[in-house]
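J.: Below you will find the structure I want to go over with you.
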Amino acid sequence: MADETSIFIGASRKPDDSYQRAEELLLRYGNRHGLVTGATGTGKTVSLQILAEGFSNAGVPVFCADIKGDLSGIAMMGEAKDFLVKRAEQVKLDPYQFQEFPVIFWDLFGEQGHPIRATISEMGPLLLSRLMNLTEAQEGVMNIAFRIADEEGLLLLDLKDLQALLANIAERADELSARYGNVTKPSVGAIQRTLLVLESQGAANFFGEPALRIADIMRTTRDGRGAISVLAADKLMMNPRLYATFLLWLMSELFEELPEVGDLDRPKLVFFFDEAHLLFEDAPKVLIDRVEQVVRLIRSKGVGVYFVTQNPLDIPEKVLAQLGNRVQHALRAYTPREQQAVRTAAETFRPNPDFDCATAITQLATGEALVSMLEDKGVPAMVQRTLIRPPSSRLGPITPDERRKIIAESPVTGQYDETVDRESAFEMLQKKAKEAQDSEAQAQQQNSGGSRWTIPGFDDVLGTGNRRSSNRQTVAEAAIKSVVRSVGSSVGRAIVRGILGSLARGR
Ligand SMILES: Nc1ncnc2c1ncn2[C@@H]1O[C@H](COP(=O)(O)OP(=O)(O)OP(=O)(O)O)[C@@H](O)[C@H]1O
Ligand SMILES: [Mg+2]
């Protein structure tokens with residue numbers, strides 16, 4: 001199937017409602033991004049489902065979030081329900097075949113899929129600050145914390161590493177302020193408290209190792225289909241900021257890790273961003289600018305990003321302008337804001353003389369949409385009233401039993417299921433603090449004329465103990481320095497932070 005050049009979306013209709021022609025998404029423009037919009041219950045999820053099916057069949061791996069659990073059925077064979085068969089006839093989908101798709105279930109909480117994790121280092125200060133909703137001053141401290149960790153070779157893997165580093169920074173606040181600018185104890189304390197809140201919301205599961213390998217969401221099956229990664233997001237949506245930050249992180253990882261490929265005959269990966277308004281709501285301008293930048297540049301890495309949201313006004317104009325393939329389901333137009341949304345949505349299309357776009361948007365039936373895909377030379381096609389095809393996989397959710405079976409048989413089973421807690425900032429700082437304490441105690445004993453015995457091999461520590469004990473700051477500093485020496489080689493790689501501040505690996 002991988003020799004196809006397009007994905008069948010549905011059939012457009014003439015003014016008298018009769019069949020006009022097949023509407024298709026050209027795979028070679030699949031990386032020019034897309035947008036699926038519409039009010040509640042108008043058919044967005046089904047449109048996402050048939051797009052994901054089409055990409056998978058064309059050999060393109062897909063990543064999508066399943067907000068309500070109703071996308072999970074994509075892993076199961078569809079059934080010939082009357083209304084689906086009728087729709088297939090209307091759009092001249094013949095034969096209408098049923099299919100189950102190769103799905104990998106993921107879950108930040110590790111309950112409805114394989115655990116998906118990132119390290120604190122990979123997340124970076126910009127996204128973490130956004131996740132924790134930090135003030136500008138606190139974000140400044142967060143930046144300094146990351147700089148210190150980078151410079152001093154402290155591995156930041158999980159939340160307790162970050163806690164330990166912050167505690168250490170609070171202790172050295174005066175010294176660090178002199179070196180890096182304002183690091184006040186209250187601002188460090190505020191970040192520490194926010195971290196505790198984050199932990200209580202279950203984010204501790206998400207930070208740590210083994211971290212997600214991008215290659216695992218870019219798998220294809222032996223028969224040449226793209227794997228569909230489905231992120232369980234029902235529980236995640238209770239913390240919208242974690243949801244949005246996670247997807248942003250994933251997008252920036254893709255951007256940082258994938259090579260430039262230019263224009264291909266089909267994308268390397270397609271990424272669906274459902275409830276996309278969460279990405280931009282209350283986001284600071286710098287973040288929006290950077291998202292815009294990533295969206296623009298990720299194209300040449302062969303990644304297509306498809307935003308799914310109720311209202312096109314949810315997406316900043318600069319981002320909207322980059323979304324080439326569009327499926328606009330019905331919108332309501334009762335309030336002025338809704339009417340504005342309808343006008344905006346209508347204006348973004350290349351008009352069709354057969355109908356008035358704004359009127360049509362308010363009259364579309366369920367599973368019907370205004371569709372405009374990029375055609376030859378990447379120009380948007382004239383907008384068409386289109387009946388969307390029915391899915392080949394199951395419409396609606398999978399059962400818990402079916403899910404368990406798929407998880408057990410997935411190609412990544414066993415790779416992410418157990419947390420690995422290797423030595424990182426928390427353990428290092430703890431160990432060094434204890435050593436410093438011990439040596440201080442020893443030194444005090446010596447000074448007060450106590451025992452004169454020495455532990456073999458520890459003469460050096462005891463020898464410097466006298467000097468150290470006179471200055472607590474120096475103790476902490478010495479501890480960190482020796483940490484640098486001991487882990488220097490394992491962190492021995494260029495640390496480069498990308499557009500969204502995440503860590504570029506493997507360079
Ligand atoms: N292309 C289609 N073919 C057949 N039926 C469809 C199609 N699209 C939508 N439907 C029907 O409409 C119902 C609602 O569609 P869907 O769940 O996609 O809406 P939605 O826009 O995602 O809603 P929400 O905003 O609540 O998530 C589906 O369960 C299905 O019965
Ligand atoms: Mg939906």
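Letters A, B, ... mark the chains of the structure tokens in the order given; residue numbers begin at 1 per chain; ligand numbers begin at 1, in order shown.
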All residues within 12 Å of ligand 2 are required, counting only C-alpha atoms and all ligand atoms; please report them as number ranges by chain.
T.: A: 36-49, 65-72, 234, 274-275, 308-310, 329, 366-367, 395-397
J.: If DSSP is run on the backbone, what residues of range 138-374 of chain A are helix (DSSP H, G or I)? A reply as a VMD selection string would be ideal.
T.: chain A and resid 138 to 152 159 to 171 173 to 180 185 to 200 203 to 205 214 to 217 236 to 238 240 to 257 277 to 280 285 to 301 312 to 314 317 to 320 336 to 347 357 to 363
J.: Set the distance at 8 Å and use only C-alpha atoms: which residues neighbour range 224-228 of chain A once local chain neighbours fewer than 3 positions away are removed? I'd like the list as a list in words.
T.: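 Near neighbours after the sequence-gap exclusion: Met1, Ala2, Ala52, Phe55, Ser56, Asn57, Ala58, Gly59, Val60, Pro61, Val62, Phe63, Cys64, Phe101, Pro102, Val103, Ile104, Ile217, Met218, Arg219, Thr220 and Thr221 of chain A.
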J.: Excluding same-chain residues fewer than 6 positions from Ala164 in chain A, what lies within 7 Å of it counting only C-alpha atoms, as a PyMOL selection string?
T.: chain A and resi 425-426+429
J.: Using the selection just defined, write its residues with all heavy atoms as a short mmCIF file (atom, residue, chain, number, x, y, z; two decimals), in the first residue's frame.
T.:
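Okay, this is what ended up in out.cif:
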data_model
loop_
_atom_site.label_atom_id
_atom_site.label_comp_id
_atom_site.auth_asym_id
_atom_site.auth_seq_id
_atom_site.Cartn_x
_atom_site.Cartn_y
_atom_site.Cartn_z
N ALA A 425 21.70 13.83 40.21
CA ALA A 425 21.95 14.96 41.11
C ALA A 425 21.56 14.68 42.56
O ALA A 425 22.32 14.98 43.48
CB ALA A 425 21.23 16.20 40.58
N PHE A 426 20.38 14.09 42.76
CA PHE A 426 19.90 13.84 44.12
C PHE A 426 20.91 13.00 44.92
O PHE A 426 21.35 13.38 45.98
CB PHE A 426 18.54 13.14 44.07
CG PHE A 426 18.04 12.66 45.40
CD1 PHE A 426 17.49 13.56 46.31
CD2 PHE A 426 18.12 11.32 45.74
CE1 PHE A 426 17.02 13.12 47.53
CE2 PHE A 426 17.64 10.87 46.96
CZ PHE A 426 17.09 11.77 47.86
N LEU A 429 24.42 14.80 45.32
CA LEU A 429 24.44 15.89 46.29
C LEU A 429 24.29 15.35 47.70
O LEU A 429 24.91 15.84 48.64
CB LEU A 429 23.33 16.91 45.97
CG LEU A 429 23.58 17.73 44.70
CD1 LEU A 429 22.35 18.53 44.31
CD2 LEU A 429 24.77 18.66 44.89
#
J.: Extract, using only C-alpha atoms, all DNA, RNA and protein residues at most 10 Å from range 196-209 of chain A, discarding same-chain residues fewer than 5 positions from it, and format them as an mmCIF file with N, CA and C atoms, in the first residue's frame.
T.:
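Okay, selection_19.cif is ready:
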data_model
loop_
_atom_site.group_PDB
_atom_site.id
_atom_site.type_symbol
_atom_site.label_atom_id
_atom_site.label_comp_id
_atom_site.auth_asym_id
_atom_site.auth_seq_id
_atom_site.Cartn_x
_atom_site.Cartn_y
_atom_site.Cartn_z
ATOM 1 N N ASP A 107 0.947 6.141 28.044
ATOM 2 C CA ASP A 107 0.237 6.844 29.112
ATOM 3 C C ASP A 107 1.265 7.442 30.074
ATOM 4 N N LEU A 108 1.176 8.732 30.308
ATOM 5 C CA LEU A 108 2.117 9.377 31.232
ATOM 6 C C LEU A 108 2.035 8.762 32.620
ATOM 7 N N PHE A 109 0.857 8.211 32.952
ATOM 8 C CA PHE A 109 0.694 7.621 34.265
ATOM 9 C C PHE A 109 0.931 6.105 34.245
ATOM 10 N N GLY A 110 1.239 5.567 33.076
ATOM 11 C CA GLY A 110 1.560 4.151 32.970
ATOM 12 C C GLY A 110 0.390 3.219 33.220
ATOM 13 N N PRO A 115 4.420 3.450 29.975
ATOM 14 C CA PRO A 115 4.772 4.735 30.574
ATOM 15 C C PRO A 115 5.609 5.550 29.590
ATOM 16 N N ILE A 116 5.380 6.819 29.579
ATOM 17 C CA ILE A 116 6.143 7.691 28.705
ATOM 18 C C ILE A 116 6.823 8.705 29.618
ATOM 19 N N ARG A 117 8.137 8.804 29.485
ATOM 20 C CA ARG A 117 8.884 9.657 30.417
ATOM 21 C C ARG A 117 9.852 10.559 29.676
ATOM 22 N N ALA A 118 10.168 11.648 30.338
ATOM 23 C CA ALA A 118 11.235 12.523 29.869
ATOM 24 C C ALA A 118 12.081 12.868 31.077
ATOM 25 N N THR A 119 13.341 13.183 30.866
ATOM 26 C CA THR A 119 14.141 13.640 32.000
ATOM 27 C C THR A 119 13.983 15.147 32.146
ATOM 28 N N ILE A 120 14.250 15.622 33.351
ATOM 29 C CA ILE A 120 14.197 17.067 33.612
ATOM 30 C C ILE A 120 15.138 17.790 32.650
ATOM 31 N N SER A 121 16.325 17.241 32.454
ATOM 32 C CA SER A 121 17.292 17.865 31.545
ATOM 33 C C SER A 121 16.717 18.048 30.158
ATOM 34 N N GLU A 122 16.078 16.993 29.665
ATOM 35 C CA GLU A 122 15.506 17.074 28.320
ATOM 36 C C GLU A 122 14.406 18.116 28.239
ATOM 37 N N MET A 123 13.652 18.224 29.299
ATOM 38 C CA MET A 123 12.535 19.168 29.299
ATOM 39 C C MET A 123 13.034 20.606 29.215
ATOM 40 N N LEU A 131 5.368 24.803 32.527
ATOM 41 C CA LEU A 131 4.622 23.744 33.206
ATOM 42 C C LEU A 131 4.260 24.161 34.625
ATOM 43 N N MET A 132 5.207 24.841 35.295
ATOM 44 C CA MET A 132 4.996 25.206 36.690
ATOM 45 C C MET A 132 4.393 26.601 36.828
ATOM 46 N N LEU A 156 20.228 15.898 35.822
ATOM 47 C CA LEU A 156 18.867 16.156 36.286
ATOM 48 C C LEU A 156 17.931 15.201 35.575
ATOM 49 N N LEU A 157 17.528 14.144 36.280
ATOM 50 C CA LEU A 157 16.671 13.147 35.647
ATOM 51 C C LEU A 157 15.230 13.282 36.124
ATOM 52 N N ASP A 158 15.055 13.262 37.440
ATOM 53 C CA ASP A 158 13.682 13.265 37.947
ATOM 54 C C ASP A 158 13.428 14.457 38.873
ATOM 55 N N LEU A 159 12.221 14.518 39.426
ATOM 56 C CA LEU A 159 11.852 15.669 40.256
ATOM 57 C C LEU A 159 12.715 15.781 41.511
ATOM 58 N N LYS A 160 13.144 14.635 42.056
ATOM 59 C CA LYS A 160 13.947 14.769 43.272
ATOM 60 C C LYS A 160 15.348 15.294 42.977
ATOM 61 N N ASP A 161 15.823 15.084 41.758
ATOM 62 C CA ASP A 161 17.089 15.720 41.364
ATOM 63 C C ASP A 161 16.945 17.239 41.359
ATOM 64 N N GLN A 163 14.695 18.959 42.988
ATOM 65 C CA GLN A 163 14.534 19.386 44.383
ATOM 66 C C GLN A 163 15.889 19.516 45.067
ATOM 67 N N ILE A 191 9.741 28.033 43.979
ATOM 68 C CA ILE A 191 9.845 26.984 42.952
ATOM 69 C C ILE A 191 9.751 25.608 43.608
ATOM 70 N N LEU A 236 -4.819 12.773 31.952
ATOM 71 C CA LEU A 236 -3.845 13.843 31.721
ATOM 72 C C LEU A 236 -4.520 15.198 31.544
ATOM 73 N N MET A 238 -6.803 16.439 33.097
ATOM 74 C CA MET A 238 -7.115 17.116 34.357
ATOM 75 C C MET A 238 -5.996 18.076 34.730
ATOM 76 N N ASN A 239 -4.849 17.891 34.124
ATOM 77 C CA ASN A 239 -3.757 18.846 34.301
ATOM 78 C C ASN A 239 -3.380 19.367 32.909
ATOM 79 N N LEU A 242 0.215 20.206 32.002
ATOM 80 C CA LEU A 242 1.123 19.070 31.812
ATOM 81 C C LEU A 242 0.909 18.468 30.425
ATOM 82 N N PHE A 246 3.821 18.579 27.731
ATOM 83 C CA PHE A 246 4.345 17.305 27.258
ATOM 84 C C PHE A 246 4.360 17.256 25.731
ATOM 85 N N TYR A 416 9.896 0.077 28.781
ATOM 86 C CA TYR A 416 9.642 1.288 29.565
ATOM 87 C C TYR A 416 8.933 0.989 30.876
ATOM 88 N N GLU A 418 9.484 -0.570 33.723
ATOM 89 C CA GLU A 418 10.083 -0.335 35.038
ATOM 90 C C GLU A 418 10.891 0.962 35.044
ATOM 91 N N THR A 419 10.755 1.723 36.114
ATOM 92 C CA THR A 419 11.567 2.936 36.269
ATOM 93 C C THR A 419 12.995 2.542 36.616
ATOM 94 N N VAL A 420 13.957 3.229 36.023
ATOM 95 C CA VAL A 420 15.353 3.022 36.388
ATOM 96 C C VAL A 420 15.802 4.268 37.130
ATOM 97 N N ASP A 421 16.343 4.096 38.338
ATOM 98 C CA ASP A 421 16.771 5.260 39.103
ATOM 99 C C ASP A 421 18.289 5.226 39.243
ATOM 100 N N ARG A 422 18.972 5.733 38.227
ATOM 101 C CA ARG A 422 20.427 5.686 38.326
ATOM 102 C C ARG A 422 20.946 6.908 39.070
#
J.: From the set A:Gln442, A:Thr386, A:Ser424, A:Asn133, which residue has the shortest atom-to-atom contact distance to ligand 1, counting only C-alpha atoms and all ligand atoms?
T.: A:Thr386
J.: Got a sec to tell me which of range 135-371 of chain A DSSP assigns to strand (DSSP E), as a list in words?
T.: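 These are the residues in question: Ile228, Ser229, Val230, Leu231, Ala232, Leu269, Val270, Phe271, Phe272, Phe273, Asp274, Val303, Gly304, Val305, Tyr306, Phe307, Val308, Thr309, Asn325, Arg326, Val327, Gln328, Glu368, Ala369, Leu370 and Val371 of chain A.
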J.: Between A:Ser229, A:Gln90, A:Thr135, A:Thr5, which has the minimum distance to ligand 1 (counting only C-alpha atoms and all ligand atoms)?
T.: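 Ranking A:Ser229, A:Gln90, A:Thr135, A:Thr5 by distance to ligand 1, first place goes to A:Gln90.
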J.: When distances are computed from only C-alpha atoms and all ligand atoms, which of A:Pro15, A:Gly378, A:Pro95, A:Gly78 shows the smallest separation from ligand 1?
T.: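 Of A:Pro15, A:Gly378, A:Pro95, A:Gly78, the one nearest ligand 1, counting only C-alpha atoms and all ligand atoms, is A:Gly78.
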J.: Determine, counting only C-alpha atoms, which protein, DNA and RNA residues have an atom within 9 Å of an atom of range 356-359 of chain A; residues of the same chain fewer than 6 positions away are not included. Present the result as an MDAnalysis selection string.
T.: chainID A and resid 339 342:347 349 370 383
